[in-house]
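Note: the block below is upload.txt and it holds compact mmCIF, C-alpha atoms.
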# COMPACT_ATOMS: atom_id res chain seq x y z
CA ASP A 246 12.98 -2.97 -11.23
CA ALA A 247 15.54 -5.05 -13.12
CA GLY A 248 16.96 -3.34 -16.16
CA VAL A 249 17.61 -4.77 -19.59
CA ILE A 250 19.81 -7.83 -19.21
CA GLN A 251 22.24 -8.88 -21.92
CA SER A 252 24.46 -11.91 -22.13
CA PRO A 253 27.25 -12.59 -22.54
CA ARG A 254 29.01 -9.34 -21.58
CA HIS A 255 32.07 -10.30 -23.59
CA GLU A 256 32.50 -12.75 -26.44
CA VAL A 257 35.71 -13.59 -28.25
CA THR A 258 35.51 -16.07 -31.06
CA GLU A 259 37.17 -17.01 -34.30
CA MET A 260 36.05 -15.95 -37.71
CA GLY A 261 33.44 -18.27 -39.18
CA GLN A 262 31.91 -19.26 -35.86
CA GLU A 263 28.28 -18.70 -34.98
CA VAL A 264 27.63 -16.04 -32.36
CA THR A 265 24.40 -15.70 -30.39
CA LEU A 266 23.69 -12.64 -28.28
CA ARG A 267 20.82 -12.66 -25.80
CA CYS A 268 18.57 -10.01 -24.33
CA LYS A 269 15.89 -9.89 -21.65
CA PRO A 270 13.91 -6.63 -21.87
CA ILE A 271 12.29 -4.84 -18.97
CA SER A 272 9.03 -6.50 -17.99
CA GLY A 273 6.05 -4.62 -19.45
CA HIS A 274 8.02 -3.05 -22.26
CA ASN A 275 6.69 -4.04 -25.66
CA SER A 276 9.31 -2.51 -27.93
CA LEU A 277 12.79 -3.99 -28.27
CA PHE A 278 15.75 -2.65 -30.22
CA TRP A 279 19.13 -4.09 -31.19
CA TYR A 280 21.94 -1.59 -31.82
CA ARG A 281 25.58 -1.89 -32.81
CA GLN A 282 28.18 0.64 -31.65
CA THR A 283 31.60 1.17 -33.27
CA MET A 284 34.04 4.04 -33.20
CA MET A 285 33.73 4.53 -36.95
CA ARG A 286 29.95 4.37 -37.36
CA GLY A 287 28.66 5.28 -33.92
CA LEU A 288 25.39 3.75 -32.72
CA GLU A 289 23.35 2.08 -35.45
CA LEU A 290 19.91 0.52 -35.15
CA LEU A 291 19.92 -3.03 -36.47
CA ILE A 292 16.34 -4.15 -35.87
CA TYR A 293 13.23 -3.08 -33.95
CA PHE A 294 10.50 -5.35 -32.58
CA ASN A 295 7.08 -4.30 -31.33
CA ASN A 296 4.93 -6.86 -29.49
CA ASN A 297 7.46 -9.53 -30.55
CA VAL A 298 7.02 -8.74 -34.26
CA PRO A 299 9.93 -7.37 -36.30
CA ILE A 300 8.89 -3.93 -37.53
CA ASP A 301 12.07 -2.61 -39.12
CA ASP A 302 15.09 -4.74 -39.98
CA SER A 303 16.54 -2.38 -42.57
CA GLY A 304 19.63 -1.89 -40.42
CA MET A 305 20.61 -5.55 -40.42
CA PRO A 306 23.87 -5.50 -42.37
CA GLU A 307 23.42 -8.67 -44.37
CA ASP A 308 21.99 -12.16 -44.37
CA ARG A 309 24.59 -13.32 -41.89
CA PHE A 310 22.63 -11.45 -39.22
CA SER A 311 19.29 -12.66 -37.89
CA ALA A 312 17.17 -11.74 -34.87
CA LYS A 313 14.26 -13.39 -33.16
CA MET A 314 11.88 -12.54 -30.38
CA PRO A 315 10.00 -15.73 -29.49
CA ASN A 316 8.25 -14.13 -26.53
CA ALA A 317 7.95 -10.84 -24.68
CA SER A 318 10.83 -11.58 -22.34
CA PHE A 319 13.56 -12.82 -24.66
CA SER A 320 15.32 -11.92 -27.86
CA THR A 321 18.41 -13.18 -29.69
CA LEU A 322 20.71 -11.70 -32.28
CA LYS A 323 22.66 -14.28 -34.24
CA ILE A 324 25.62 -13.85 -36.57
CA GLN A 325 26.52 -16.82 -38.75
CA PRO A 326 29.20 -16.96 -40.00
CA SER A 327 30.96 -14.23 -38.05
CA GLU A 328 33.63 -12.00 -39.61
CA PRO A 329 36.26 -9.68 -38.03
CA ARG A 330 34.31 -6.61 -39.23
CA ASP A 331 31.43 -7.67 -36.98
CA SER A 332 33.55 -6.77 -33.95
CA ALA A 333 31.63 -4.12 -32.01
CA VAL A 334 29.56 -3.55 -28.91
CA TYR A 335 26.00 -4.77 -29.39
CA PHE A 336 23.27 -3.18 -27.30
CA CYS A 337 19.73 -4.23 -26.62
CA ALA A 338 17.20 -1.62 -25.51
CA SER A 339 13.53 -1.71 -24.62
CA SER A 340 10.74 0.82 -24.21
CA ARG A 341 7.04 1.10 -23.54
CA GLY A 342 4.47 1.78 -26.20
CA GLN A 343 4.43 1.27 -29.91
CA SER A 344 6.44 4.21 -31.07
CA TYR A 345 10.13 3.85 -31.64
CA SER A 346 10.82 7.46 -30.77
CA ASN A 347 8.47 9.12 -28.28
CA GLN A 348 9.41 7.02 -25.27
CA PRO A 349 12.74 6.75 -23.46
CA GLN A 350 14.73 3.68 -24.41
CA HIS A 351 16.36 1.64 -21.65
CA PHE A 352 19.66 0.08 -22.64
CA GLY A 353 21.46 -2.98 -21.39
CA ASP A 354 25.19 -2.83 -20.74
CA GLY A 355 25.97 -4.44 -24.07
CA THR A 356 27.93 -7.39 -25.39
CA ARG A 357 31.49 -6.59 -26.46
CA LEU A 358 32.12 -8.90 -29.42
CA SER A 359 35.56 -9.58 -30.83
CA ILE A 360 35.93 -11.74 -33.92
CA LEU A 361 39.52 -12.89 -34.47
CA SER B 149 22.70 12.28 -43.38
CA GLN B 150 19.75 12.96 -41.08
CA GLN B 151 21.85 12.24 -38.05
CA GLY B 152 22.08 14.57 -35.12
CA GLU B 153 25.55 16.02 -34.79
CA GLU B 154 26.96 17.00 -31.42
CA ASP B 155 29.36 19.82 -30.86
CA PRO B 156 31.98 19.84 -29.49
CA GLN B 157 33.27 16.31 -29.98
CA ALA B 158 35.16 16.57 -26.70
CA LEU B 159 34.94 18.94 -23.75
CA SER B 160 37.13 19.12 -20.66
CA ILE B 161 36.24 21.41 -17.75
CA GLN B 162 36.91 21.82 -14.04
CA GLU B 163 34.58 20.43 -11.45
CA GLY B 164 31.96 22.99 -10.49
CA GLU B 165 31.88 24.66 -13.90
CA ASN B 166 28.94 24.44 -16.28
CA ALA B 167 29.11 22.26 -19.39
CA THR B 168 27.19 23.01 -22.56
CA MET B 169 26.82 20.59 -25.45
CA ASN B 170 25.02 21.27 -28.69
CA CYS B 171 23.17 19.09 -31.16
CA SER B 172 22.16 20.01 -34.70
CA TYR B 173 19.93 18.05 -37.03
CA LYS B 174 18.85 18.40 -40.63
CA THR B 175 15.17 17.56 -40.97
CA SER B 176 12.02 18.26 -38.98
CA ILE B 177 11.53 16.21 -35.84
CA ASN B 178 8.73 15.20 -33.48
CA ASN B 179 11.01 15.03 -30.47
CA LEU B 180 14.64 14.93 -29.43
CA GLN B 181 16.24 12.89 -26.66
CA TRP B 182 19.51 13.20 -24.76
CA TYR B 183 21.37 10.17 -23.40
CA ARG B 184 24.49 9.66 -21.29
CA GLN B 185 26.93 6.78 -21.66
CA ASN B 186 29.52 5.99 -19.04
CA SER B 187 32.57 4.05 -20.14
CA GLY B 188 31.77 0.39 -20.68
CA ARG B 189 28.07 0.82 -19.97
CA GLY B 190 24.85 1.22 -21.89
CA LEU B 191 23.16 4.51 -22.66
CA VAL B 192 21.01 6.10 -20.00
CA HIS B 193 18.09 8.32 -20.95
CA LEU B 194 18.28 11.87 -19.60
CA ILE B 195 15.56 14.03 -21.13
CA LEU B 196 13.02 13.91 -23.97
CA ILE B 197 11.88 17.24 -25.40
CA ARG B 198 9.03 17.49 -27.87
CA SER B 199 9.04 19.73 -30.91
CA ASN B 200 6.47 22.08 -29.35
CA GLU B 201 8.59 22.58 -26.23
CA ARG B 202 11.41 25.08 -25.93
CA GLU B 203 13.02 24.14 -22.63
CA LYS B 204 13.01 21.32 -20.07
CA HIS B 205 14.76 20.89 -16.77
CA SER B 206 15.73 17.83 -14.76
CA GLY B 207 17.83 18.45 -11.68
CA ARG B 208 21.11 20.00 -12.86
CA LEU B 209 20.23 19.40 -16.50
CA ARG B 210 18.64 21.96 -18.78
CA VAL B 211 17.73 21.19 -22.38
CA THR B 212 16.65 23.74 -24.95
CA LEU B 213 15.25 23.17 -28.40
CA ASP B 214 15.17 25.66 -31.26
CA THR B 215 13.28 24.10 -34.15
CA SER B 216 13.85 27.14 -36.36
CA LYS B 217 17.60 26.55 -36.10
CA LYS B 218 17.24 22.78 -35.93
CA SER B 219 19.37 22.67 -32.82
CA SER B 220 19.29 21.67 -29.19
CA SER B 221 21.60 22.24 -26.26
CA LEU B 222 22.24 20.33 -23.06
CA LEU B 223 23.51 22.33 -20.10
CA ILE B 224 24.89 20.59 -17.03
CA THR B 225 25.29 23.03 -14.15
CA ALA B 226 27.74 22.70 -11.26
CA SER B 227 29.49 19.74 -12.87
CA ARG B 228 30.78 16.82 -10.83
CA ALA B 229 33.40 14.17 -11.55
CA ALA B 230 30.57 11.66 -11.91
CA ASP B 231 29.28 13.61 -14.93
CA THR B 232 32.30 12.39 -16.90
CA ALA B 233 30.73 10.46 -19.79
CA SER B 234 29.74 10.69 -23.42
CA TYR B 235 26.50 12.51 -24.19
CA PHE B 236 24.36 11.75 -27.22
CA CYS B 237 21.39 13.41 -28.81
CA ALA B 238 18.89 11.29 -30.72
CA THR B 239 16.12 12.36 -33.04
CA ASP B 240 13.33 10.69 -34.91
CA ALA B 241 14.62 12.68 -37.90
CA GLY B 242 11.07 13.28 -39.19
CA GLY B 243 10.09 10.39 -41.38
CA ALA B 244 12.94 8.07 -40.51
CA GLN B 245 11.31 5.15 -38.75
CA LYS B 246 13.94 4.98 -36.05
CA LEU B 247 15.87 7.01 -33.50
CA VAL B 248 19.07 8.31 -35.04
CA PHE B 249 21.94 9.00 -32.64
CA GLY B 250 24.72 11.50 -33.09
CA GLN B 251 28.39 10.70 -32.59
CA GLY B 252 28.35 12.15 -29.09
CA THR B 253 30.28 14.64 -27.00
CA ARG B 254 32.91 13.20 -24.67
CA LEU B 255 32.79 15.23 -21.45
CA THR B 256 35.61 15.08 -18.92
CA ILE B 257 35.23 16.75 -15.53
CA ASN B 258 38.60 17.39 -13.88
CA PRO B 259 38.69 17.41 -10.06
Just dump the structure as structure tokens.
Amino acid sequence: DAGVIQSPRHEVTEMGQEVTLRCKPISGHNSLFWYRQTMMRGLELLIYFNNNVPIDDSGMPEDRFSAKMPNASFSTLKIQPSEPRDSAVYFCASSRGQSYSNQPQHFGDGTRLSIL
Amino acid sequence: SQQGEEDPQALSIQEGENATMNCSYKTSINNLQWYRQNSGRGLVHLILIRSNEREKHSGRLRVTLDTSKKSSSLLITASRAADTASYFCATDAGGAQKLVFGQGTRLTINP
């Protein structure tokens, strides 16, 4: 069984550029989560989709961040324009079922984003 | 904050010894999960324990949950170098519509 696949693994770009992170969840999983991990703030949930519908986007830091899930096998997280404080590791995770909490979440290996 | 908090922040032991990590939380929960993160990798789910359970085992892992003390512990027995990683607890923090992760315990197993 293929795990959650994220691309790219590393991204280095200049401030002001648009950044698009991609995620392919595990087939059959209908919940998808985007997280951001930093040393200062730890692991933070940005947005949660269930059956391709955004359920909770309260963690999205500001309007510069947007996420889409056009179908069950693909999601994107976009930052436009990017800023140095967006530098972090971004994780995508997926799980079965509708609940955000009573099923194990399966994480990808993340995208390490550096904004110069 | 309703976040789970792990203790200690860092733990270094010799291979073969047991490692115990603790997690405390502030509000009622429906369940609590433990995850492992190896350097440069994503989190890997270890165990989910429900609020009506007191103990669960998986191989060399033993998790306990004390809802009266709002705390959980993860015990790794007969540690191996491959257990070197960060370990996180995550709770649904009763009412918060998301899993909330603690800051983690960094475990180092010395050969």
Next item on the list: State, in Å with one decimal place, the distance from CA of Asn179 in chain B to CA of Ser346 in chain A.
Entry: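 According to the coordinates, CA of Asn179 in chain B and CA of Ser346 in chain A are separated by 7.6 Å.
When only C-alpha atoms are used to compute distances to Gln282 in chain A, the closest of the residues A:Tyr345, A:Phe336, A:Phe319, A:Phe310 turns out to be A:Phe336.
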Item checked: For Pro299 in chain A: contacts at 10 Å, all atoms listed in the file, fewer than 4 positions along chain excluded, given as a VMD selection string -> chain A and resid 276 to 278 292 to 295 312 to 314
Counting all atoms listed in the file, give me one row per residue of chain B with an atom at most 12 Å from an atom of chain A, showing the shortest contact pair and its distance in Å to one decimal, sorted by chain then residue number, as JSON lines.
{"residue": "B:Gln151", "atom": "CA", "partner": "A:Gly287", "partner_atom": "CA", "distance": 10.6}
{"residue": "B:Gly152", "atom": "CA", "partner": "A:Gly287", "partner_atom": "CA", "distance": 11.4}
{"residue": "B:Glu153", "atom": "CA", "partner": "A:Gly287", "partner_atom": "CA", "distance": 11.2}
{"residue": "B:Ile177", "atom": "CA", "partner": "A:Ser346", "partner_atom": "CA", "distance": 10.1}
{"residue": "B:Asn178", "atom": "CA", "partner": "A:Asn347", "partner_atom": "CA", "distance": 8.0}
{"residue": "B:Asn179", "atom": "CA", "partner": "A:Asn347", "partner_atom": "CA", "distance": 6.8}
{"residue": "B:Leu180", "atom": "CA", "partner": "A:Ser346", "partner_atom": "CA", "distance": 8.5}
{"residue": "B:Gln181", "atom": "CA", "partner": "A:Pro349", "partner_atom": "CA", "distance": 7.8}
{"residue": "B:Trp182", "atom": "CA", "partner": "A:Pro349", "partner_atom": "CA", "distance": 9.4}
{"residue": "B:Tyr183", "atom": "CA", "partner": "A:Pro349", "partner_atom": "CA", "distance": 9.3}
{"residue": "B:Arg184", "atom": "CA", "partner": "A:Phe352", "partner_atom": "CA", "distance": 10.8}
{"residue": "B:Gln185", "atom": "CA", "partner": "A:Asp354", "partner_atom": "CA", "distance": 9.8}
{"residue": "B:Asn186", "atom": "CA", "partner": "A:Asp354", "partner_atom": "CA", "distance": 10.0}
{"residue": "B:Ser187", "atom": "CA", "partner": "A:Asp354", "partner_atom": "CA", "distance": 10.1}
{"residue": "B:Gly188", "atom": "CA", "partner": "A:Asp354", "partner_atom": "CA", "distance": 7.3}
{"residue": "B:Arg189", "atom": "CA", "partner": "A:Asp354", "partner_atom": "CA", "distance": 4.7}
{"residue": "B:Gly190", "atom": "CA", "partner": "A:Asp354", "partner_atom": "CA", "distance": 4.2}
{"residue": "B:Leu191", "atom": "CA", "partner": "A:Phe352", "partner_atom": "CA", "distance": 5.6}
{"residue": "B:Val192", "atom": "CA", "partner": "A:His351", "partner_atom": "CA", "distance": 6.7}
{"residue": "B:His193", "atom": "CA", "partner": "A:Pro349", "partner_atom": "CA", "distance": 6.1}
{"residue": "B:Leu194", "atom": "CA", "partner": "A:Pro349", "partner_atom": "CA", "distance": 8.5}
{"residue": "B:Ile195", "atom": "CA", "partner": "A:Pro349", "partner_atom": "CA", "distance": 8.1}
{"residue": "B:Leu196", "atom": "CA", "partner": "A:Pro349", "partner_atom": "CA", "distance": 7.2}
{"residue": "B:Ile197", "atom": "CA", "partner": "A:Asn347", "partner_atom": "CA", "distance": 9.3}
{"residue": "B:Arg198", "atom": "CA", "partner": "A:Asn347", "partner_atom": "CA", "distance": 8.4}
{"residue": "B:Ser199", "atom": "CA", "partner": "A:Asn347", "partner_atom": "CA", "distance": 10.9}
{"residue": "B:Ser234", "atom": "CA", "partner": "A:Gly287", "partner_atom": "CA", "distance": 11.9}
{"residue": "B:Phe236", "atom": "CA", "partner": "A:Leu288", "partner_atom": "CA", "distance": 9.8}
{"residue": "B:Cys237", "atom": "CA", "partner": "A:Leu288", "partner_atom": "CA", "distance": 11.2}
{"residue": "B:Ala238", "atom": "CA", "partner": "A:Ser346", "partner_atom": "CA", "distance": 8.9}
{"residue": "B:Thr239", "atom": "CA", "partner": "A:Ser346", "partner_atom": "CA", "distance": 7.6}
{"residue": "B:Asp240", "atom": "CA", "partner": "A:Ser346", "partner_atom": "CA", "distance": 5.8}
{"residue": "B:Ala241", "atom": "CA", "partner": "A:Ser346", "partner_atom": "CA", "distance": 9.6}
{"residue": "B:Gly242", "atom": "CA", "partner": "A:Ser346", "partner_atom": "CA", "distance": 10.2}
{"residue": "B:Gly243", "atom": "CA", "partner": "A:Ser346", "partner_atom": "CA", "distance": 11.0}
{"residue": "B:Ala244", "atom": "CA", "partner": "A:Ser346", "partner_atom": "CA", "distance": 10.0}
{"residue": "B:Gln245", "atom": "CA", "partner": "A:Tyr345", "partner_atom": "CA", "distance": 7.3}
{"residue": "B:Lys246", "atom": "CA", "partner": "A:Tyr345", "partner_atom": "CA", "distance": 5.9}
{"residue": "B:Leu247", "atom": "CA", "partner": "A:Ser346", "partner_atom": "CA", "distance": 5.8}
{"residue": "B:Val248", "atom": "CA", "partner": "A:Glu289", "partner_atom": "CA", "distance": 7.6}
{"residue": "B:Phe249", "atom": "CA", "partner": "A:Leu288", "partner_atom": "CA", "distance": 6.3}
{"residue": "B:Gly250", "atom": "CA", "partner": "A:Gly287", "partner_atom": "CA", "distance": 7.4}
{"residue": "B:Gln251", "atom": "CA", "partner": "A:Gly287", "partner_atom": "CA", "distance": 5.6}
{"residue": "B:Gly252", "atom": "CA", "partner": "A:Gly287", "partner_atom": "CA", "distance": 8.4}
{"residue": "B:Thr253", "atom": "CA", "partner": "A:Gly287", "partner_atom": "CA", "distance": 11.8}
Save out the residues we just selected, C-alpha atoms, as a compact mmCIF listing (two decimals), keeping the file's coordinate frame.
# COMPACT_ATOMS: atom_id res chain seq x y z
CA GLN B 151 21.85 12.24 -38.05
CA GLY B 152 22.08 14.57 -35.12
CA GLU B 153 25.55 16.02 -34.79
CA ILE B 177 11.53 16.21 -35.84
CA ASN B 178 8.73 15.20 -33.48
CA ASN B 179 11.01 15.03 -30.47
CA LEU B 180 14.64 14.93 -29.43
CA GLN B 181 16.24 12.89 -26.66
CA TRP B 182 19.51 13.20 -24.76
CA TYR B 183 21.37 10.17 -23.40
CA ARG B 184 24.49 9.66 -21.29
CA GLN B 185 26.93 6.78 -21.66
CA ASN B 186 29.52 5.99 -19.04
CA SER B 187 32.57 4.05 -20.14
CA GLY B 188 31.77 0.39 -20.68
CA ARG B 189 28.07 0.82 -19.97
CA GLY B 190 24.85 1.22 -21.89
CA LEU B 191 23.16 4.51 -22.66
CA VAL B 192 21.01 6.10 -20.00
CA HIS B 193 18.09 8.32 -20.95
CA LEU B 194 18.28 11.87 -19.60
CA ILE B 195 15.56 14.03 -21.13
CA LEU B 196 13.02 13.91 -23.97
CA ILE B 197 11.88 17.24 -25.40
CA ARG B 198 9.03 17.49 -27.87
CA SER B 199 9.04 19.73 -30.91
CA SER B 234 29.74 10.69 -23.42
CA PHE B 236 24.36 11.75 -27.22
CA CYS B 237 21.39 13.41 -28.81
CA ALA B 238 18.89 11.29 -30.72
CA THR B 239 16.12 12.36 -33.04
CA ASP B 240 13.33 10.69 -34.91
CA ALA B 241 14.62 12.68 -37.90
CA GLY B 242 11.07 13.28 -39.19
CA GLY B 243 10.09 10.39 -41.38
CA ALA B 244 12.94 8.07 -40.51
CA GLN B 245 11.31 5.15 -38.75
CA LYS B 246 13.94 4.98 -36.05
CA LEU B 247 15.87 7.01 -33.50
CA VAL B 248 19.07 8.31 -35.04
CA PHE B 249 21.94 9.00 -32.64
CA GLY B 250 24.72 11.50 -33.09
CA GLN B 251 28.39 10.70 -32.59
CA GLY B 252 28.35 12.15 -29.09
CA THR B 253 30.28 14.64 -27.00
Next item on the list: Can you work out which one of B:Ile161, B:Ala233, B:Leu222, B:Met169 has the shortest atom-to-atom distance to Glu203 in chain B, counting all atoms listed in the file?
Entry: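 Distance minimum relative to Glu203 in chain B lands on B:Leu222.
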Using all atoms of range 307-323 of chain A listed in the file and a margin of 3 Å per side, can you give the axis-aligned box centre and edge lengths in Å to one decimal, as lines of an AutoDock Vina configuration file?
center_x = 16.3
center_y = -12.2
center_z = -33.4
size_x = 22.6
size_y = 13.1
size_z = 28.0
Item checked: Between CA of Glu328 in chain A and CA of Met260 in chain A, distance in Å (one decimal) -> 5.0 Å
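Of the residues listed (A:Ile250, A:Val264, A:Val257, A:Ile271), A:Val264 shows the shortest atom-to-atom separation from Gln325 in chain A; distances use all atoms listed in the file.
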Next item on the list: Would you mind reading off the distance between CA of Ser340 in chain A and CA of Lys204 in chain B, one decimal, in Å?
Entry: 21.0 Å
